[in-house]
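S.K.: Structure below; questions to follow.
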Amino acid sequence: TQISKKEIEPTYLDISIIDRFSKNYRSNNFIKVLTSIFTREQVSFIINTYQIGTVNTWPGPGATVFWQIDNENRLRSGKILLYNETTGKRVKDPYPHITWYHKTAKLKNFNLSQCLFGLHLINEKPYSPISIVESEKTACIMSVLLPKTTWMATGSLSNINDRMFDPIYHRDIILYPDASISEDNTNNCFDRWSEKAELLRRKGYSI
């Protein structure tokens with residue numbers, strides 16, 4: 001007989017950790033890019049809405065923390081990314097500048113259970129559609145450009161599944177896949193998200 005594995009409980013962090021990183025925005029490369037595009041008020045809106053943080057240790061000065069706060073205001077962890085302060089693109093050379101807060105804090109026995117970035121906003125606009133993109137950066141920018149919908153991000157191409165989407169089951173969902181296509185045309189983001197969307201529709205989701 002097959003023994004079903006009990007799902008491991010997620011690890012939650014103290015929400016007050018966010019306050020320790022809610023400063024040094026002048027050194028934050030992502031905020032520098034936003035400041036070149038938007039007004040001061042619009043940049044403040046993004047920072048406050050998504051609780052953007054700044055890290056000046058790893059991977060170097062100017063990195064951004066995108067906190068994953070769930071629908072019950074529980075802190076799952078924070079993804080740390082480094083952007084080019086001029087282009088706004090992720091720094092990938094000589095290696096991808098991406099990690100997680102719980103790794104830099106060297107927390108042992110930590111079970112990361114990701115949620116949608118921006119999920120904590122679900123109750124602020126109870127009747128607005130949920131618009132979902134892949135990157136946290138895009139969700140932040142779109143929250144200013146199209147504010148009538150609630151913007152969230154999966155954080156990766158593959159994070160469209162029942163577990164991630166369960167808290168927004170009752171909402172109207174719009175997916176905005178990246179326009180990226182691989183060289184051999186087999187890794188088309190639009191096609192992959194369309195397939196996953198159809199699977200979720202069969203389970204009752206409105207996508």
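Chain labels A, B, ... are given in the sequence in which chains occur in the structure tokens; within each chain residues are numbered consecutively from 1, and ligands are likewise numbered from 1 in the order shown.
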Which polymer residues have any atom within 12 Å of an atom of segment 84-101 of chain A, counting only C-alpha atoms, with same-chain residues fewer than 4 positions away left out, as a PyMOL selection string?

M.R.: chain A and resi 12-13+17-18+21+26-37+53-55+57-68+75-80+105-107+110+112+114+135-138+141+155

S.K.: I'd like the neighbourhood of Phe45 of chain A as an NGL selection string, where a residue qualifies if any of its atoms comes within 9 Å (using only C-alpha atoms), though same-chain residues fewer than 4 positions away should be ignored.

M.R.: :A and (40-41 or 49-50 or 143-144)

S.K.: From a DSSP pass on the backbone, collect the residues of chain A flagged as alpha helix (DSSP H) and hand them back as number ranges by chain.

M.R.: A: 17-20, 29-37, 40-50, 101-104, 136-145, 162-165, 189-202

S.K.: In chain A, what's strand (DSSP E or B) per DSSP? Answer as a VMD selection string?

M.R.: chain A and resid 13 53 to 55 63 to 69 75 to 81 83 90 98 to 100 117 130 to 133 150 to 153 172 to 175 206

S.K.: One number please: atom CA of Trp193 of chain A to atom CA of Leu157 of chain A, in Å, one decimal.

M.R.: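 Taking atom CA of Trp193 of chain A and atom CA of Leu157 of chain A, their separation equals 8.0 Å.
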
S.K.: From the list A:Ser156, A:Gln51, A:Asn161, A:Ser44, which residue is nearest Gly118 of chain A when using only C-alpha atoms?

M.R.: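 Closest to Gly118 of chain A of all the choices is A:Gln51.
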
S.K.: So, counting only C-alpha atoms, which residue among A:Asn109, A:Tyr176, A:Met152, A:Phe117 is closest to Pro10 of chain A?

M.R.: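 Comparing A:Asn109, A:Tyr176, A:Met152, A:Phe117 against Pro10 of chain A, the winner is A:Asn109.
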
S.K.: Just the number, please: distance in Å from atom CA of Leu119 of chain A to atom CA of Val133 of chain A, one decimal.

M.R.: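 About the pair atom CA of Leu119 of chain A and atom CA of Val133 of chain A: they are 12.6 Å apart.
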
S.K.: What lies within 9 Å of Glu124 of chain A using only C-alpha atoms, ignoring chain neighbours under 3 positions off, as JSON, numbers by chain?

M.R.: {"A": [120, 121, 150]}

S.K.: Give me the residues near segment 171-175 of chain A as a ChimeraX atom specification, where near means some atom within 7 Å (using only C-alpha atoms) and where sequence neighbours in that chain fewer than 5 positions away do not count.

M.R.: /A:129-133,206-207

S.K.: Which residue is closest to Val43 of chain A? Choose from A:Asn24, A:Arg163, A:Cys140, A:Pro147 and count only C-alpha atoms.

M.R.: A:Cys140

S.K.: Just the residues within 8 Å of Cys189 of chain A, please, counting only C-alpha atoms, with nothing from its chain fewer than 6 positions along; format it as a PyMOL selection string.

M.R.: chain A and resi 157+177-181
